[in-house]
$ cat query.tsv   # TSV, C-alpha atoms and all ligand atoms
chain	number	residue	atom	x	y	z
A	24	MET	CA	-2.48	37.07	12.20
A	25	THR	CA	-1.77	36.11	8.61
A	26	LEU	CA	0.18	32.92	8.11
A	27	PRO	CA	2.31	32.71	4.99
A	28	LEU	CA	0.77	29.38	4.01
A	29	ARG	CA	1.60	28.13	0.53
A	30	PRO	CA	-1.42	29.20	-1.57
A	31	GLU	CA	-2.12	25.65	-2.77
A	32	LEU	CA	-2.56	24.54	0.87
A	33	VAL	CA	-5.10	27.18	1.87
A	34	GLY	CA	-8.35	25.65	3.07
A	35	LEU	CA	-7.11	22.05	2.81
A	36	GLU	CA	-7.98	19.45	5.44
A	37	PRO	CA	-5.46	16.81	6.49
A	38	TYR	CA	-6.02	13.42	4.84
A	39	GLY	CA	-7.47	10.66	7.00
A	40	ALA	CA	-10.43	8.35	7.42
A	41	PRO	CA	-12.54	8.40	10.60
A	42	GLN	CA	-11.06	6.56	13.62
A	43	LEU	CA	-14.19	5.46	15.48
A	44	GLU	CA	-14.80	2.95	18.27
A	45	VAL	CA	-17.30	0.65	16.57
A	46	ARG	CA	-17.93	-3.08	16.56
A	47	ALA	CA	-16.45	-3.65	13.10
A	48	ARG	CA	-13.75	-1.28	11.83
A	49	LEU	CA	-13.58	-2.14	8.16
A	50	ASN	CA	-12.57	1.20	6.65
A	51	VAL	CA	-8.77	1.45	6.35
A	52	ASN	CA	-7.72	-2.03	5.21
A	53	GLU	CA	-6.04	-2.90	8.48
A	54	ASN	CA	-5.29	-6.48	9.45
A	55	PRO	CA	-8.15	-7.38	11.86
A	56	TYR	CA	-5.94	-9.76	13.88
A	57	SER	CA	-3.72	-8.42	16.65
A	58	PRO	CA	-0.16	-9.70	16.54
A	59	PRO	CA	-0.34	-13.16	18.21
A	60	PRO	CA	0.96	-13.25	21.84
A	61	ALA	CA	4.28	-14.84	20.80
A	62	VAL	CA	4.87	-11.99	18.35
A	63	ALA	CA	3.84	-9.30	20.86
A	64	ASP	CA	6.24	-10.86	23.40
A	65	ALA	CA	9.10	-10.94	20.89
A	66	ILE	CA	8.47	-7.28	20.02
A	67	ALA	CA	8.38	-6.30	23.71
A	68	THR	CA	11.67	-8.13	24.39
A	69	ALA	CA	13.35	-6.53	21.36
A	70	VAL	CA	12.11	-3.06	22.30
A	71	ARG	CA	13.27	-3.58	25.93
A	72	LYS	CA	16.75	-4.33	24.63
A	73	ALA	CA	16.68	-1.36	22.25
A	74	ALA	CA	15.63	0.89	25.14
A	75	GLU	CA	19.00	0.29	26.82
A	76	GLY	CA	20.70	2.03	23.90
A	77	LEU	CA	18.30	4.91	23.36
A	78	ASN	CA	20.89	7.48	24.47
A	79	ARG	CA	22.58	6.82	21.12
A	80	TYR	CA	21.20	7.56	17.66
A	81	PRO	CA	19.94	4.45	15.86
A	82	ASP	CA	21.79	2.69	13.04
A	83	ARG	CA	21.34	5.28	10.29
A	84	ASP	CA	21.58	2.64	7.56
A	85	PHE	CA	19.47	0.05	9.45
A	86	THR	CA	21.58	-2.66	7.85
A	87	ALA	CA	20.29	-5.56	9.96
A	88	LEU	CA	16.67	-4.64	9.21
A	89	ARG	CA	17.42	-4.31	5.49
A	90	ALA	CA	19.02	-7.75	5.50
A	91	ASP	CA	15.92	-9.22	7.16
A	92	LEU	CA	13.62	-7.46	4.68
A	93	ALA	CA	15.71	-8.67	1.71
A	94	LYS	CA	15.50	-12.23	2.97
A	95	TYR	CA	11.76	-12.03	3.58
A	96	LEU	CA	10.92	-10.45	0.21
A	97	ALA	CA	13.20	-12.85	-1.68
A	98	THR	CA	11.32	-15.80	-0.16
A	99	GLU	CA	7.87	-14.25	-0.53
A	100	SER	CA	8.26	-13.26	-4.19
A	101	HIS	CA	10.68	-15.99	-5.32
A	102	VAL	CA	13.64	-13.79	-6.33
A	103	ASP	CA	17.27	-14.57	-5.59
A	104	PHE	CA	18.49	-11.09	-6.49
A	105	LEU	CA	17.90	-9.12	-3.32
A	106	GLU	CA	20.73	-7.90	-1.07
A	107	VAL	CA	20.94	-5.17	1.58
A	108	ARG	CA	21.89	-2.66	-1.13
A	109	ASN	CA	18.58	-3.29	-2.94
A	110	ILE	CA	16.39	-2.46	0.05
A	111	TRP	CA	15.15	0.86	1.40
A	112	ALA	CA	12.72	1.46	4.29
A	113	ALA	CA	10.94	4.30	6.06
A	114	ASN	CA	8.09	5.07	8.45
A	115	GLY	CA	5.35	3.41	6.43
A	116	SER	CA	5.31	3.09	2.66
A	117	ASN	CA	3.82	6.59	2.71
A	118	GLU	CA	7.26	7.90	3.65
A	119	VAL	CA	8.97	5.65	1.11
A	120	MET	CA	6.71	7.23	-1.53
A	121	LEU	CA	7.57	10.72	-0.32
A	122	HIS	CA	11.29	9.86	-0.60
A	123	LEU	CA	10.68	8.71	-4.19
A	124	HIS	CA	9.05	12.03	-5.02
A	125	GLN	CA	11.76	14.03	-3.27
A	126	ALA	CA	14.43	12.20	-5.25
A	127	PHE	CA	12.78	11.79	-8.65
A	128	GLY	CA	9.97	14.39	-8.73
A	129	GLY	CA	10.09	18.13	-8.14
A	130	PRO	CA	9.23	21.36	-9.96
A	131	GLY	CA	8.87	20.99	-13.72
A	132	ARG	CA	8.50	17.21	-13.41
A	133	THR	CA	5.49	14.93	-13.74
A	134	VAL	CA	4.26	11.82	-11.95
A	135	LEU	CA	1.76	9.63	-13.82
A	136	SER	CA	-0.78	7.33	-12.17
A	137	PHE	CA	-4.08	5.62	-13.01
A	138	ALA	CA	-7.42	6.60	-11.47
A	139	PRO	CA	-9.19	5.53	-9.40
A	140	THR	CA	-6.29	4.82	-7.08
A	141	TYR	CA	-4.85	5.54	-3.62
A	142	SER	CA	-5.82	9.04	-2.52
A	143	MET	CA	-2.39	9.87	-1.08
A	144	TYR	CA	-0.72	9.83	-4.50
A	145	PRO	CA	-1.75	13.41	-5.38
A	146	GLU	CA	-0.57	14.52	-1.93
A	147	TYR	CA	3.00	13.23	-2.36
A	148	ALA	CA	3.05	15.11	-5.66
A	149	ARG	CA	1.66	18.30	-4.12
A	150	ASP	CA	4.13	18.21	-1.24
A	151	SER	CA	7.10	17.71	-3.56
A	152	LEU	CA	5.88	20.32	-6.09
A	153	THR	CA	5.53	17.64	-8.77
A	154	GLU	CA	2.78	17.78	-11.40
A	155	PHE	CA	0.28	14.93	-10.88
A	156	VAL	CA	-1.36	13.43	-13.98
A	157	THR	CA	-3.79	10.50	-14.08
A	158	LEU	CA	-5.13	8.35	-16.87
A	159	PRO	CA	-8.50	6.66	-16.34
A	160	ARG	CA	-8.55	2.90	-15.80
A	161	ASN	CA	-10.70	0.61	-17.97
A	162	GLU	CA	-14.23	-0.17	-16.83
A	163	ASP	CA	-12.99	-3.35	-15.10
A	164	PHE	CA	-10.25	-1.23	-13.43
A	165	SER	CA	-7.44	-2.85	-15.44
A	166	LEU	CA	-4.96	-0.51	-17.14
A	167	ASP	CA	-5.35	0.66	-20.72
A	168	ILE	CA	-1.76	-0.28	-21.58
A	169	PRO	CA	-1.59	1.24	-25.10
A	170	ALA	CA	-2.92	4.54	-23.68
A	171	ALA	CA	-0.46	4.33	-20.76
A	172	VAL	CA	2.50	3.65	-23.04
A	173	ALA	CA	1.46	6.56	-25.28
A	174	ALA	CA	1.07	8.89	-22.29
A	175	ILE	CA	4.51	7.96	-20.96
A	176	ALA	CA	6.05	8.74	-24.37
A	177	GLU	CA	4.15	12.02	-24.64
A	178	ARG	CA	4.31	13.41	-21.08
A	179	LYS	CA	7.75	12.05	-20.22
A	180	PRO	CA	7.05	11.60	-16.49
A	181	THR	CA	9.99	10.96	-14.17
A	182	LEU	CA	7.78	8.70	-12.02
A	183	VAL	CA	4.97	6.30	-12.90
A	184	ILE	CA	3.08	4.84	-9.94
A	185	VAL	CA	0.75	1.86	-10.06
A	186	ALA	CA	-0.72	0.23	-6.99
A	187	SER	CA	-0.97	-3.54	-7.48
A	188	PRO	CA	-3.26	-4.72	-6.01
A	189	ASN	CA	-4.82	-1.30	-6.51
A	190	ASN	CA	-6.58	0.60	-3.73
A	191	PRO	CA	-9.61	0.97	-3.74
A	192	THR	CA	-10.37	-1.54	-6.51
A	193	GLY	CA	-8.22	-4.58	-5.55
A	194	THR	CA	-6.98	-4.96	-9.14
A	195	ALA	CA	-3.61	-6.68	-9.66
A	196	LEU	CA	-1.42	-5.69	-12.60
A	197	PRO	CA	-0.37	-8.61	-14.85
A	198	LEU	CA	3.42	-9.04	-15.22
A	199	ASP	CA	3.18	-8.44	-18.94
A	200	ASP	CA	1.61	-5.02	-18.24
A	201	VAL	CA	4.41	-4.22	-15.77
A	202	ARG	CA	6.95	-5.12	-18.48
A	203	GLN	CA	5.28	-2.87	-21.06
A	204	LEU	CA	5.16	0.06	-18.62
A	205	ALA	CA	8.78	-0.52	-17.58
A	206	ASP	CA	9.89	-0.62	-21.22
A	207	ALA	CA	8.00	2.62	-21.94
A	208	ALA	CA	9.55	4.21	-18.84
A	209	GLN	CA	13.01	3.10	-19.91
A	210	ALA	CA	12.51	4.88	-23.24
A	211	VAL	CA	11.89	8.26	-21.57
A	212	PRO	CA	14.90	10.50	-22.28
A	213	GLY	CA	16.43	11.46	-18.95
A	214	GLY	CA	14.89	8.43	-17.25
A	215	CYS	CA	11.69	7.41	-15.51
A	216	VAL	CA	11.19	5.19	-12.45
A	217	LEU	CA	8.23	2.80	-12.49
A	218	VAL	CA	6.95	2.23	-8.94
A	219	ILE	CA	4.71	-0.77	-8.29
A	220	ASP	CA	3.05	-0.19	-4.93
A	221	GLU	CA	2.47	-3.67	-3.51
A	222	ALA	CA	1.17	-2.58	-0.11
A	223	TYR	CA	-1.35	-5.46	-0.38
A	224	GLY	CA	1.01	-7.85	-2.19
A	225	GLU	CA	0.75	-10.74	0.27
A	226	PHE	CA	-3.02	-10.99	-0.21
A	227	ARG	CA	-2.79	-11.74	-3.93
A	228	ARG	CA	-4.51	-14.90	-5.11
A	229	ARG	CA	-2.55	-18.07	-5.90
A	230	GLY	CA	-0.73	-17.82	-9.22
A	231	VAL	CA	-0.62	-14.00	-9.23
A	232	PRO	CA	3.09	-13.06	-9.22
A	233	SER	CA	4.77	-10.12	-7.49
A	234	ALA	CA	6.41	-7.56	-9.78
A	235	ALA	CA	9.52	-8.16	-7.67
A	236	SER	CA	10.02	-11.32	-9.71
A	237	ILE	CA	11.12	-9.27	-12.74
A	238	LEU	CA	13.14	-6.70	-10.82
A	239	PRO	CA	16.49	-8.14	-12.05
A	240	GLU	CA	15.49	-7.24	-15.63
A	241	TYR	CA	14.59	-3.59	-14.97
A	242	PRO	CA	16.99	-1.06	-13.39
A	243	ASN	CA	14.17	1.54	-13.44
A	244	LEU	CA	11.65	-0.60	-11.51
A	245	ALA	CA	10.92	-0.14	-7.79
A	246	ILE	CA	8.65	-2.34	-5.68
A	247	SER	CA	7.11	-0.70	-2.63
A	248	ARG	CA	5.82	-2.86	0.23
A	249	THR	CA	4.60	-2.38	3.77
A	250	MET	CA	4.41	-4.25	7.07
A	251	SER	CA	1.14	-2.39	7.84
A	252	LYS	CA	-1.15	-4.98	6.29
A	253	ALA	CA	0.17	-8.56	6.07
A	254	PHE	CA	2.35	-8.20	9.19
A	255	ALA	CA	-0.48	-6.69	11.27
A	256	LEU	CA	1.88	-3.80	12.04
A	257	ALA	CA	0.09	-0.65	10.89
A	258	GLY	CA	0.90	0.90	14.28
A	259	GLY	CA	4.59	0.05	13.92
A	260	ARG	CA	5.04	2.21	10.78
A	261	LEU	CA	7.40	0.29	8.55
A	262	GLY	CA	7.28	0.44	4.77
A	263	TYR	CA	10.05	-0.70	2.44
A	264	LEU	CA	11.16	-0.77	-1.16
A	265	ALA	CA	13.18	-3.07	-3.38
A	266	ALA	CA	15.09	-1.74	-6.38
A	267	HIS	CA	18.47	-1.65	-8.06
A	268	GLU	CA	21.21	0.01	-6.04
A	269	PRO	CA	21.21	3.42	-7.81
A	270	VAL	CA	17.52	3.93	-6.95
A	271	VAL	CA	18.17	3.09	-3.29
A	272	ASP	CA	21.23	5.36	-3.23
A	273	ALA	CA	19.08	8.26	-4.46
A	274	LEU	CA	16.58	7.71	-1.63
A	275	ARG	CA	19.42	7.67	0.91
A	276	VAL	CA	20.26	11.24	-0.13
A	277	VAL	CA	16.82	12.71	0.64
A	278	ARG	CA	15.99	10.90	3.91
A	279	LEU	CA	16.32	12.72	7.19
A	280	PRO	CA	19.21	11.41	9.30
A	281	TYR	CA	18.12	8.60	11.68
A	282	HIS	CA	14.61	8.58	10.22
A	283	LEU	CA	13.97	5.02	11.44
A	284	SER	CA	14.01	4.95	15.23
A	285	ALA	CA	15.75	2.16	17.15
A	286	VAL	CA	12.31	1.18	18.49
A	287	THR	CA	10.92	0.91	14.95
A	288	GLN	CA	13.88	-1.14	13.76
A	289	ALA	CA	13.61	-3.52	16.73
A	290	THR	CA	9.84	-3.88	16.29
A	291	ALA	CA	10.06	-4.60	12.58
A	292	ARG	CA	12.86	-7.17	12.98
A	293	ALA	CA	10.95	-9.01	15.71
A	294	ALA	CA	7.84	-9.17	13.51
A	295	LEU	CA	9.86	-10.32	10.48
A	296	ALA	CA	11.26	-13.19	12.55
A	297	HIS	CA	7.65	-14.41	12.89
A	298	SER	CA	6.58	-14.02	9.27
A	299	ARG	CA	5.43	-17.63	9.07
A	300	VAL	CA	2.92	-17.28	11.94
A	301	LEU	CA	1.68	-14.00	10.51
A	302	GLN	CA	1.28	-15.54	7.04
A	303	ALA	CA	-1.26	-17.95	8.55
A	304	GLN	CA	-3.43	-14.94	9.46
A	305	VAL	CA	-3.02	-13.62	5.91
A	306	ASP	CA	-4.30	-16.96	4.58
A	307	GLU	CA	-7.38	-16.66	6.82
A	308	ILE	CA	-8.04	-13.15	5.52
A	309	ARG	CA	-7.67	-14.32	1.91
A	310	ALA	CA	-10.20	-17.09	2.50
A	311	GLU	CA	-12.60	-14.66	4.20
A	312	ARG	CA	-12.11	-12.24	1.28
A	313	ASP	CA	-13.06	-14.88	-1.27
A	314	GLU	CA	-16.13	-15.84	0.79
A	315	THR	CA	-17.17	-12.20	1.13
A	316	VAL	CA	-16.87	-11.67	-2.64
A	317	THR	CA	-18.98	-14.76	-3.35
A	318	TRP	CA	-21.62	-13.67	-0.84
A	319	LEU	CA	-21.82	-10.16	-2.29
A	320	GLN	CA	-22.16	-11.60	-5.80
A	321	ASP	CA	-24.91	-13.94	-4.57
A	322	GLN	CA	-26.74	-10.85	-3.31
A	323	GLY	CA	-26.60	-9.47	-6.85
A	324	TYR	CA	-23.79	-6.93	-6.38
A	325	THR	CA	-20.98	-6.30	-8.80
A	326	VAL	CA	-17.65	-6.85	-7.04
A	327	ALA	CA	-14.38	-5.66	-8.53
A	328	ASP	CA	-11.89	-8.52	-9.01
A	329	THR	CA	-9.76	-8.32	-5.87
A	330	ASP	CA	-6.29	-9.55	-4.88
A	331	ALA	CA	-6.28	-7.40	-1.73
A	332	ASN	CA	-7.74	-7.53	1.79
A	333	PHE	CA	-10.78	-5.49	0.76
A	334	ALA	CA	-13.56	-5.53	-1.81
A	335	LEU	CA	-15.14	-2.73	-3.85
A	336	PHE	CA	-18.80	-3.44	-4.50
A	337	GLY	CA	-21.94	-1.80	-5.84
A	338	PRO	CA	-23.77	-0.24	-7.49
A	339	PHE	CA	-25.79	1.83	-5.00
A	340	GLY	CA	-28.13	4.66	-5.96
A	341	ASP	CA	-27.28	6.40	-2.68
A	342	ARG	CA	-24.05	4.94	-1.32
A	343	VAL	CA	-23.77	7.47	1.51
A	344	LYS	CA	-27.12	6.31	2.86
A	345	VAL	CA	-25.93	2.70	2.87
A	346	PHE	CA	-22.65	3.74	4.54
A	347	GLU	CA	-24.58	5.61	7.25
A	348	GLY	CA	-27.01	2.73	7.78
A	349	LEU	CA	-24.10	0.36	8.30
A	350	LEU	CA	-22.42	2.78	10.70
A	351	GLU	CA	-25.62	3.00	12.78
A	352	ARG	CA	-25.28	-0.78	13.13
A	353	GLY	CA	-21.66	-0.56	14.28
A	354	VAL	CA	-20.07	-1.38	10.92
A	355	LEU	CA	-17.65	1.23	9.57
A	356	ILE	CA	-16.73	0.89	5.89
A	357	ARG	CA	-15.51	3.45	3.32
A	358	VAL	CA	-17.17	5.69	0.76
A	359	VAL	CA	-14.44	5.67	-1.88
A	360	GLY	CA	-13.97	4.93	-5.56
A	361	PRO	CA	-16.25	5.87	-8.43
A	362	GLU	CA	-19.78	7.08	-7.66
A	363	GLY	CA	-22.05	4.22	-6.55
A	364	TRP	CA	-19.33	1.96	-5.11
A	365	LEU	CA	-18.39	1.18	-1.51
A	366	ARG	CA	-15.25	-0.48	-0.13
A	367	VAL	CA	-15.21	-2.95	2.75
A	368	SER	CA	-11.98	-4.16	4.37
A	369	ILE	CA	-11.91	-7.84	5.22
A	370	GLY	CA	-12.22	-8.40	8.97
A	371	THR	CA	-12.53	-11.47	11.16
A	372	PRO	CA	-15.31	-13.98	10.38
A	373	ALA	CA	-17.35	-12.43	13.24
A	374	GLU	CA	-16.89	-8.91	11.87
A	375	MET	CA	-17.87	-10.04	8.37
A	376	ALA	CA	-20.99	-11.72	9.76
A	377	LEU	CA	-21.92	-8.36	11.33
A	378	PHE	CA	-21.26	-6.65	8.02
A	379	ARG	CA	-23.45	-9.09	6.09
A	380	ALA	CA	-26.33	-8.85	8.58
A	381	ALA	CA	-26.15	-5.05	8.64
A	382	LEU	CA	-26.04	-4.78	4.84
A	383	LEU	CA	-29.10	-7.01	4.51
A	384	GLU	CA	-30.97	-4.84	7.00
A	385	VAL	CA	-29.94	-1.53	5.43
A	386	THR	CA	-30.88	-2.64	1.93
A	387	ALA	CA	-34.06	-4.55	2.88
B	401	LIG	N1	-0.14	2.25	-0.64
B	401	LIG	C1	-1.43	1.90	-0.67
B	401	LIG	C2	-2.01	1.46	-1.96
B	401	LIG	C3	-2.19	1.96	0.51
B	401	LIG	O1	-3.50	1.64	0.46
B	401	LIG	C4	-1.60	2.38	1.72
B	401	LIG	C5	-2.34	2.46	3.03
B	401	LIG	N2	-3.64	2.37	3.07
B	401	LIG	C6	-0.25	2.75	1.68
B	401	LIG	C7	0.45	2.66	0.49
B	401	LIG	C8	0.46	3.29	2.89
B	401	LIG	O2	0.56	2.42	3.93
B	401	LIG	P1	1.65	2.55	5.06
B	401	LIG	O3	2.18	3.95	5.06
B	401	LIG	O4	0.95	2.19	6.31
B	401	LIG	O5	2.74	1.58	4.68
$ encode --input "query.tsv" --output "structure tokens"
Amino acid sequence: MTLPLRPELVGLEPYGAPQLEVRARLNVNENPYSPPPAVADAIATAVRKAAEGLNRYPDRDFTALRADLAKYLATESHVDFLEVRNIWAANGSNEVMLHLHQAFGGPGRTVLSFAPTYSMYPEYARDSLTEFVTLPRNEDFSLDIPAAVAAIAERKPTLVIVASPNNPTGTALPLDDVRQLADAAQAVPGGCVLVIDEAYGEFRRRGVPSAASILPEYPNLAISRTMSKAFALAGGRLGYLAAHEPVVDALRVVRLPYHLSAVTQATARAALAHSRVLQAQVDEIRAERDETVTWLQDQGYTVADTDANFALFGPFGDRVKVFEGLLERGVLIRVVGPEGWLRVSIGTPAEMALFRAALLEVTA
């Protein structure tokens, strides 16, 4: 039988990293800590209550969840601007990104990003029939702002997407760079939305601001966040976005009705109520990250400057061989980024001890 598959999808494999049962799973930037028992209990109680109403569709506008998210993000990024109308959410920030493309991309339109970056970005573009264009990052993985500003003026994208901290490099975008990109986007005739993907925002080092702090100044700026990382809720699937009301209203048009289940809404709200406890785990991961970076540097590796819960390090003549050697020792990391580099997610102190011992063995 011949399937009428879209030609550009023929032969493609679904995106996804290996899900293996190993001693140290350090390949998809998950939070290594389970939700603490108090949080798991609160989620179970909230879901039990939601279960009683599952005969009805969930709150389509998830107003209570948006209020909780607005309050959390306002505190976390020191902004007093956020209300329910400024918040959007979906099943992971992956779906938030798809909504952005459905609303602002499409045939004849262009999305601009900066390589190397998150490997799903070209897929959102493909699935929304948007042209995907990348500019190379500088050698230290920062953005070449004059080149970016020129490309925005020349290509007139309707979307510009920058991950900050960037995956897989860990690079955070300085606020002044965000401003210059937002100004360039504002000058595009017909409009252009600048999306700062802060999936790893909570892991940024002290003194590194969130782009949310300048949201009031820019009606064309959108900040994407997720509960997958800092909230240890990758399995709960909740991503969200903060922007001016017209951006949120556009996303409301393209979402499927009732896209956020009552179970998801209850889970996310219960976790948000415990953000302080969960932040303590984030602080532990940040400390472990800094120690891992120092150790790798002491071993003579180059480590990309990182504000995330992972580190990109190298160079390796044969990175696949190192990856495989680590895997044989029960340590799963990721072959990603430019040739010669490897990415390790930050795990618990015990997992990182395994990683260090295995790396020493493999490279002995
Ligand atoms: N953005 C970036 C930069 C990511 O690395 C990821 C996940 N690895 C996501 C977005 C999507 O995360 P989620 O859908 O779980 O929110």
$ residues_near_point --input "query.tsv" --point "(2.4, 2.3, -24.1)" --cutoff "12 Å" --atoms "only C-alpha atoms" --output "ChimeraX atom specification"
/A:166-179,199-211
$ residues_around --input "query.tsv" --residues "segment 268-271 of chain A" --least-positions-apart "2" --cutoff "8 Å" --atoms "only C-alpha atoms" --output "ChimeraX atom specification"
/A:108-111,243,245,265-266,273-275
$ residues_near_ligand --input "query.tsv" --ligand "ligand LIG 401 (chain B)" --cutoff "9 Å" --atoms "only C-alpha atoms and all ligand atoms" --output "PyMOL selection string"
chain A and resi 51-53+113-120+140-144+185-191+220-223+247-252+256-263
$ residues_around --input "query.tsv" --residues "Val102 of chain A" --least-positions-apart "3" --cutoff "8 Å" --atoms "all atoms listed in the file" --output "list of chain:residue names"
A:Leu96, A:Ala97, A:Thr98, A:Leu105, A:Ala235, A:Ser236
$ atom_distance --input "query.tsv" --atom1 "atom CA of Tyr80 of chain A" --atom2 "atom CA of Val276 of chain A"
18.2 Å
$ atom_distance --input "query.tsv" --atom1 "atom CA of Asp272 of chain A" --atom2 "atom CA of Leu217 of chain A"
16.2 Å
$ closest_atom_pairs --input "query.tsv" --of "segment 106-197 of chain A" --to "segment 313-331 of chain A" --cutoff "8 Å" --atoms "all atoms listed in the file" --output "CSV"
residue,atom,partner,partner_atom,distance
A:Asp163,CA,A:Ala327,CA,7.1
A:Phe164,CA,A:Ala327,CA,7.8
A:Pro188,CA,A:Asp330,CA,5.8
A:Asn189,CA,A:Ala331,CA,7.9
A:Thr192,CA,A:Ala327,CA,6.1
A:Gly193,CA,A:Thr329,CA,4.1
A:Thr194,CA,A:Thr329,CA,5.5
A:Ala195,CA,A:Asp330,CA,6.2
$ residues_near_point --input "query.tsv" --point "(-32.9, -3.7, 6.5)" --cutoff "12 Å" --atoms "only C-alpha atoms" --output "list in words"
Val345, Gly348, Leu349, Glu351, Arg352, Arg379, Ala380, Ala381, Leu382, Leu383, Glu384, Val385, Thr386 and Ala387 of chain A
$ closest_residue --input "query.tsv" --among "A:Val305, A:Leu295, A:Leu365, A:Ala67" --to "Tyr95 of chain A" --atoms "all atoms listed in the file"
A:Leu295
$ closest_residue --input "query.tsv" --among "A:Gly129, A:Gly337, A:Pro197, A:Pro41" --to "Val367 of chain A" --atoms "only C-alpha atoms"
A:Gly337
$ atom_distance --input "query.tsv" --atom1 "atom CA of Arg229 of chain A" --atom2 "atom CA of Phe104 of chain A"
22.2 Å
$ closest_residue --input "query.tsv" --among "A:Phe336, A:Phe155, A:Phe226, A:Tyr56" --to "Leu135 of chain A" --atoms "all atoms listed in the file"
A:Phe155
$ closest_residue --input "query.tsv" --among "A:Ala289, A:Val358, A:Asp150, A:Ala373" --to "Leu32 of chain A" --atoms "all atoms listed in the file"
A:Asp150
$ residues_around --input "query.tsv" --residues "Ala63 of chain A" --least-positions-apart "5" --cutoff "9 Å" --atoms "only C-alpha atoms" --output "CSV table (one decimal) with C-alpha atoms, in the frame of the given file"
chain,number,residue,atom,x,y,z
A,57,SER,CA,-3.7,-8.4,16.6
A,58,PRO,CA,-0.2,-9.7,16.5
A,68,THR,CA,11.7,-8.1,24.4
A,293,ALA,CA,11.0,-9.0,15.7
A,294,ALA,CA,7.8,-9.2,13.5
$ closest_residue --input "query.tsv" --among "A:Leu355, A:Leu244, A:Val107, A:Leu377" --to "Val216 of chain A" --atoms "all atoms listed in the file"
A:Leu244
$ closest_residue --input "query.tsv" --among "A:Arg292, A:Pro372, A:Val300, A:Leu158" --to "Ala61 of chain A" --atoms "all atoms listed in the file"
A:Val300
$ residues_around --input "query.tsv" --residues "Arg132 of chain A" --least-positions-apart "3" --cutoff "12 Å" --atoms "only C-alpha atoms" --output "PyMOL selection string"
chain A and resi 124-129+135+148-149+151-156+178-183+213-215
